[in-house]
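**Student:** Input target.txt, format and content: compact mmCIF, C-alpha atoms.
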```
# COMPACT_ATOMS: atom_id res chain seq x y z
CA SER A 196 94.28 114.41 109.09
CA GLN A 197 94.40 112.37 105.93
CA GLN A 198 95.65 115.25 103.85
CA GLY A 199 97.23 114.20 100.59
CA GLU A 200 100.79 115.04 99.76
CA GLU A 201 101.67 115.78 96.18
CA ASP A 202 104.82 115.72 94.21
CA PRO A 203 106.42 117.35 92.51
CA GLN A 204 105.57 120.76 94.01
CA ALA A 205 106.33 122.33 90.65
CA LEU A 206 106.69 120.93 87.14
CA SER A 207 107.75 122.75 83.98
CA ILE A 208 107.42 121.06 80.58
CA GLN A 209 107.16 121.90 76.88
CA GLU A 210 103.93 121.81 74.93
CA GLY A 211 103.21 118.34 73.61
CA GLU A 212 104.96 116.57 76.46
CA ASN A 213 103.16 114.53 79.09
CA ALA A 214 102.84 115.70 82.70
CA THR A 215 102.61 113.32 85.65
CA MET A 216 101.65 114.37 89.15
CA ASN A 217 101.52 112.11 92.18
CA CYS A 218 99.44 112.14 95.35
CA SER A 219 99.89 110.12 98.53
CA TYR A 220 97.52 109.94 101.48
CA LYS A 221 97.42 108.38 104.92
CA THR A 222 94.11 106.72 105.73
CA SER A 223 91.36 104.79 103.96
CA ILE A 224 89.20 106.70 101.51
CA ASN A 225 85.92 106.35 99.65
CA ASN A 226 87.17 108.07 96.53
CA LEU A 227 89.90 110.40 95.32
CA GLN A 228 89.40 113.42 93.11
CA TRP A 229 91.63 115.73 91.11
CA TYR A 230 91.00 119.45 90.70
CA ARG A 231 92.57 122.26 88.74
CA GLN A 232 92.98 125.87 89.88
CA ASN A 233 93.97 128.82 87.74
CA SER A 234 95.72 131.55 89.69
CA GLY A 235 93.38 133.43 92.00
CA ARG A 236 90.30 131.46 90.94
CA GLY A 237 88.13 128.72 92.36
CA LEU A 238 88.89 125.05 91.79
CA VAL A 239 87.40 123.04 88.96
CA HIS A 240 86.76 119.32 89.24
CA LEU A 241 88.62 117.16 86.71
CA ILE A 242 88.06 113.51 87.52
CA LEU A 243 86.97 111.16 90.32
CA ILE A 244 88.20 107.63 90.95
CA ARG A 245 86.50 105.35 93.45
CA SER A 246 88.39 103.22 95.94
CA ASN A 247 87.50 100.03 94.03
CA GLU A 248 88.80 101.39 90.72
CA ARG A 249 92.41 101.22 89.56
CA GLU A 250 92.41 103.45 86.51
CA LYS A 251 90.18 106.00 84.86
CA HIS A 252 90.37 108.09 81.70
CA SER A 253 88.77 111.35 80.67
CA GLY A 254 89.95 112.95 77.46
CA ARG A 255 93.68 113.68 77.87
CA LEU A 256 93.57 112.78 81.56
CA ARG A 257 94.47 109.43 83.03
CA VAL A 258 94.21 108.75 86.75
CA THR A 259 95.46 105.71 88.59
CA LEU A 260 94.78 104.66 92.17
CA ASP A 261 96.75 102.18 94.26
CA THR A 262 94.97 101.76 97.58
CA SER A 263 97.62 99.35 98.89
CA LYS A 264 100.24 102.09 98.51
CA LYS A 265 97.75 104.87 99.30
CA SER A 266 98.76 106.76 96.20
CA SER A 267 97.32 108.16 93.00
CA SER A 268 98.74 109.72 89.88
CA LEU A 269 97.35 112.14 87.32
CA LEU A 270 98.74 112.02 83.79
CA ILE A 271 98.00 114.80 81.32
CA THR A 272 98.96 113.75 77.81
CA ALA A 273 99.95 116.03 74.95
CA SER A 274 100.02 119.08 77.21
CA ARG A 275 99.04 122.54 76.03
CA ALA A 276 99.96 126.00 77.30
CA ALA A 277 96.36 126.30 78.52
CA ASP A 278 97.00 123.41 80.93
CA THR A 279 99.20 125.74 83.00
CA ALA A 280 97.59 125.76 86.46
CA SER A 281 97.82 124.23 89.92
CA TYR A 282 96.53 120.70 90.32
CA PHE A 283 95.25 119.28 93.58
CA CYS A 284 94.21 115.85 94.72
CA ALA A 285 91.41 115.52 97.26
CA THR A 286 90.66 112.47 99.35
CA VAL A 287 87.07 111.81 100.31
CA PHE A 288 86.06 110.14 103.54
CA GLU A 289 82.39 109.54 104.20
CA GLU A 290 81.29 110.09 107.79
CA THR A 291 77.84 109.95 109.35
CA SER A 292 78.02 113.73 109.69
CA GLY A 293 78.86 114.21 106.04
CA SER A 294 81.69 113.87 103.55
CA ARG A 295 85.07 115.38 104.31
CA LEU A 296 87.17 116.33 101.31
CA THR A 297 90.79 116.92 102.24
CA PHE A 298 93.15 118.52 99.74
CA GLY A 299 96.85 118.12 99.13
CA GLU A 300 99.37 120.93 98.73
CA GLY A 301 99.14 120.89 94.95
CA THR A 302 101.46 120.75 91.98
CA GLN A 303 102.12 123.92 90.00
CA LEU A 304 102.30 122.93 86.33
CA THR A 305 103.80 125.26 83.75
CA VAL A 306 103.51 124.30 80.10
CA ASN A 307 105.83 126.35 77.91
CA PRO A 308 104.75 127.12 74.33
CA ASP B 10 72.81 130.19 85.52
CA GLY B 11 73.38 127.74 88.38
CA GLY B 12 76.43 128.21 90.49
CA ILE B 13 78.02 129.43 93.68
CA THR B 14 78.44 133.11 94.43
CA GLN B 15 80.91 134.40 96.96
CA SER B 16 81.03 138.00 98.09
CA PRO B 17 82.84 140.22 98.49
CA LYS B 18 85.68 139.26 96.16
CA TYR B 19 88.13 141.47 98.07
CA LEU B 20 87.83 142.58 101.67
CA PHE B 21 90.04 144.60 103.95
CA ARG B 22 89.66 144.51 107.68
CA LYS B 23 91.32 146.11 110.63
CA GLU B 24 92.71 143.95 113.38
CA GLY B 25 90.12 143.19 116.04
CA GLN B 26 87.14 143.36 113.69
CA ASN B 27 84.85 140.51 112.77
CA VAL B 28 84.00 140.06 109.12
CA THR B 29 81.41 137.88 107.39
CA LEU B 30 81.95 136.28 103.99
CA SER B 31 78.88 135.37 102.00
CA CYS B 32 78.34 132.13 100.08
CA GLU B 33 75.14 131.47 98.14
CA GLN B 34 74.36 128.54 95.83
CA ASN B 35 71.40 127.87 93.54
CA LEU B 36 72.41 124.32 92.66
CA ASN B 37 70.03 122.78 95.22
CA HIS B 38 73.04 121.11 96.85
CA ASP B 39 72.75 119.75 100.35
CA ALA B 40 76.38 119.98 101.45
CA MET B 41 78.43 123.15 101.67
CA TYR B 42 82.07 123.73 102.63
CA TRP B 43 84.49 126.50 103.56
CA TYR B 44 88.20 126.23 102.85
CA ARG B 45 91.11 128.52 103.51
CA GLN B 46 94.05 128.78 101.09
CA ASP B 47 97.34 130.50 101.90
CA PRO B 48 99.75 131.58 99.12
CA GLY B 49 101.28 128.64 97.29
CA GLN B 50 99.53 126.13 99.50
CA GLY B 51 96.67 123.69 99.43
CA LEU B 52 93.18 124.07 100.85
CA ARG B 53 92.43 123.54 104.52
CA LEU B 54 88.92 122.70 105.68
CA ILE B 55 87.34 125.20 108.08
CA TYR B 56 83.72 124.05 108.40
CA TYR B 57 81.27 121.94 106.46
CA SER B 58 77.54 121.38 106.58
CA GLN B 59 75.58 118.39 105.31
CA ILE B 60 72.09 119.74 106.05
CA VAL B 61 70.35 122.88 107.21
CA ASN B 62 70.91 123.79 110.87
CA ASP B 63 73.81 121.37 111.20
CA PHE B 64 77.53 121.89 110.59
CA GLN B 65 80.82 120.27 111.55
CA LYS B 66 84.24 121.65 112.39
CA GLY B 67 87.00 121.01 109.93
CA ASP B 68 90.73 120.99 110.58
CA ILE B 69 91.15 124.71 111.33
CA ALA B 70 87.83 125.89 112.82
CA GLU B 71 89.33 127.98 115.63
CA GLY B 72 88.57 131.67 115.18
CA TYR B 73 85.79 131.04 112.66
CA SER B 74 82.03 130.57 112.94
CA VAL B 75 79.30 129.56 110.48
CA SER B 76 75.55 129.21 110.25
CA ARG B 77 73.29 127.21 107.96
CA GLU B 78 69.80 128.61 108.33
CA LYS B 79 68.93 128.08 104.67
CA LYS B 80 69.95 125.39 102.22
CA GLU B 81 71.22 128.02 99.77
CA SER B 82 73.41 129.96 102.18
CA PHE B 83 76.47 129.20 104.29
CA PRO B 84 78.09 132.43 105.58
CA LEU B 85 81.48 132.35 107.28
CA THR B 86 82.43 134.81 110.02
CA VAL B 87 86.12 135.43 110.61
CA THR B 88 86.30 136.57 114.20
CA SER B 89 88.89 138.67 115.97
CA ALA B 90 90.05 135.47 117.65
CA GLN B 91 91.55 134.24 114.36
CA LYS B 92 95.25 135.02 114.76
CA ASN B 93 96.22 135.19 111.10
CA PRO B 94 93.11 135.75 109.00
CA THR B 95 94.73 137.12 105.83
CA ALA B 96 94.03 134.43 103.23
CA PHE B 97 91.97 133.36 100.22
CA TYR B 98 88.66 131.81 101.28
CA LEU B 99 86.84 129.34 99.07
CA CYS B 100 83.28 128.11 99.43
CA ALA B 101 82.05 124.93 97.73
CA SER B 102 78.93 122.80 97.52
CA ARG B 103 78.14 119.20 96.71
CA GLY B 104 74.96 117.36 95.83
CA LEU B 105 73.69 114.48 97.97
CA GLY B 106 75.36 111.28 96.84
CA ALA B 107 77.40 113.16 94.29
CA GLY B 108 81.16 113.17 94.10
CA GLU B 109 82.50 116.49 92.97
CA LEU B 110 82.65 119.85 94.67
CA PHE B 111 81.57 122.99 92.88
CA PHE B 112 83.57 126.03 93.95
CA GLY B 113 82.90 129.73 94.08
CA GLU B 114 85.48 132.22 92.83
CA GLY B 115 86.77 132.96 96.31
CA SER B 116 87.05 135.92 98.67
CA ARG B 117 90.43 137.44 99.42
CA LEU B 118 90.62 138.84 102.94
CA THR B 119 93.43 141.16 103.97
CA VAL B 120 93.88 142.31 107.54
CA LEU B 121 95.57 145.69 107.82
```
Could you express the structure from this file as structure tokens?

**Tutor:**
Amino acid sequence: SQQGEEDPQALSIQEGENATMNCSYKTSINNLQWYRQNSGRGLVHLILIRSNEREKHSGRLRVTLDTSKKSSSLLITASRAADTASYFCATVFEETSGSRLTFGEGTQLTVNP
Amino acid sequence: DGGITQSPKYLFRKEGQNVTLSCEQNLNHDAMYWYRQDPGQGLRLIYYSQIVNDFQKGDIAEGYSVSREKKESFPLTVTSAQKNPTAFYLCASRGLGAGELFFGEGSRLTVL
């Protein structure tokens, strides 16, 4: 399995601070994605970075990818209480039978008002 | 509105019973997925399907079965062979050549 591993498992910060979450994986990938999950809900896609990209931005989100180290990071700038959620990375491997998306264990982010 | 609908949202089952979770999408997506999530943990892939009448085992397929008779539907049956079925089950779909998964709101199964 090429399941991603994330750290930290939990992160607690104050509003306005930046939050950084890291993801490591084991095998080659086609792209890597980050998702957010509010408690008891489905996941929502945040951002996708392809294997030939090194950095990508979307609003307050910044994602980096280092394929030589098999790692990625998600930075949320100027955090808000509404950012409180679990964040997961997902590695994507394209096979002839379809695309497998494998998720990490997640980081629980708490943003305190 | 386009999206993915999972039902039921909550389900209770006695040990030894099979149960089927429904997943329907009207996004015209080709690929569909089933994941299992245990408390405080990540998602584990059960089954996925790229096209109608074809599906592949994921990492934890034992004790589960699926069918893909229609593009819109990908039901998951949790059989009595699944040793620890209590979990949160998430269905997702993905367009051909697209990147992101679209998720349903999940079905929480509790075995009594």

**Student:** In Å, rounded to a single decimal, give me how far CA of Gly104 in chain B is from CA of Ala40 in chain B.

**Tutor:**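 Computing it gives 6.4 Å between the two atoms.
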
**Student:** So which residues touch range 42-49 of chain B within 10 Å, counting all atoms listed in the file, skipping near sequence neighbours fewer than 6 positions away, as a ChimeraX atom specification?

**Tutor:** /A:204,234-235,281,294-298,300-303 /B:32,55-59,64-65,67-70,75,83-85,94-103,110-112,115-117

**Student:** Please provide as an mmCIF file with C-alpha atoms, keeping the file's coordinate frame all residues within 12 Å of Asn217 in chain A, with the sequence filter that same-chain residues fewer than 6 positions apart are discarded (counting only C-alpha atoms).

**Tutor:**
```cif
data_model
loop_
_atom_site.group_PDB
_atom_site.id
_atom_site.type_symbol
_atom_site.label_atom_id
_atom_site.label_comp_id
_atom_site.auth_asym_id
_atom_site.auth_seq_id
_atom_site.Cartn_x
_atom_site.Cartn_y
_atom_site.Cartn_z
ATOM 1 C CA GLY A 199 97.230 114.200 100.590
ATOM 2 C CA GLU A 200 100.790 115.040 99.760
ATOM 3 C CA GLU A 201 101.670 115.780 96.180
ATOM 4 C CA ASP A 202 104.820 115.720 94.210
ATOM 5 C CA PRO A 203 106.420 117.350 92.510
ATOM 6 C CA GLN A 204 105.570 120.760 94.010
ATOM 7 C CA ALA A 205 106.330 122.330 90.650
ATOM 8 C CA LEU A 206 106.690 120.930 87.140
ATOM 9 C CA TRP A 229 91.630 115.730 91.110
ATOM 10 C CA ARG A 257 94.470 109.430 83.030
ATOM 11 C CA VAL A 258 94.210 108.750 86.750
ATOM 12 C CA THR A 259 95.460 105.710 88.590
ATOM 13 C CA LEU A 260 94.780 104.660 92.170
ATOM 14 C CA ASP A 261 96.750 102.180 94.260
ATOM 15 C CA LYS A 264 100.240 102.090 98.510
ATOM 16 C CA LYS A 265 97.750 104.870 99.300
ATOM 17 C CA SER A 266 98.760 106.760 96.200
ATOM 18 C CA SER A 267 97.320 108.160 93.000
ATOM 19 C CA SER A 268 98.740 109.720 89.880
ATOM 20 C CA LEU A 269 97.350 112.140 87.320
ATOM 21 C CA LEU A 270 98.740 112.020 83.790
ATOM 22 C CA ILE A 271 98.000 114.800 81.320
ATOM 23 C CA TYR A 282 96.530 120.700 90.320
ATOM 24 C CA PHE A 283 95.250 119.280 93.580
ATOM 25 C CA CYS A 284 94.210 115.850 94.720
ATOM 26 C CA ALA A 285 91.410 115.520 97.260
ATOM 27 C CA GLY A 299 96.850 118.120 99.130
ATOM 28 C CA GLU A 300 99.370 120.930 98.730
ATOM 29 C CA GLY A 301 99.140 120.890 94.950
ATOM 30 C CA THR A 302 101.460 120.750 91.980
#
```

**Student:** When you draw a straight line from CA of Gln34 in chain B to CA of Glu81 in chain B, how long is it in Å?

**Tutor:**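 For CA of Gln34 in chain B relative to CA of Glu81 in chain B, the distance reads 5.1 Å.
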
**Student:** Would you list the contacts of Ser207 in chain A as a ChimeraX atom specification, taking every protein, DNA or RNA residue within 9 Å and counting all atoms listed in the file, but skipping same-chain residues closer than 3 positions in sequence?

**Tutor:** /A:214,303-307

**Student:** Can those selected residues be exported to a file as a PDB file, in the frame of the given file so that it contains C-alpha atoms?

**Tutor:**
```pdb
ATOM      1  CA  ALA A 214     102.840 115.700  82.700  1.00  0.00           C
ATOM      2  CA  GLN A 303     102.120 123.920  90.000  1.00  0.00           C
ATOM      3  CA  LEU A 304     102.300 122.930  86.330  1.00  0.00           C
ATOM      4  CA  THR A 305     103.800 125.260  83.750  1.00  0.00           C
ATOM      5  CA  VAL A 306     103.510 124.300  80.100  1.00  0.00           C
ATOM      6  CA  ASN A 307     105.830 126.350  77.910  1.00  0.00           C
TER       7      ASN A 307
END
```

**Student:** Of the residues B:Gly25, B:Gly11, B:Gly51, B:Pro17, which is the one nearest to chain A, using all atoms listed in the file?

**Tutor:** B:Gly51
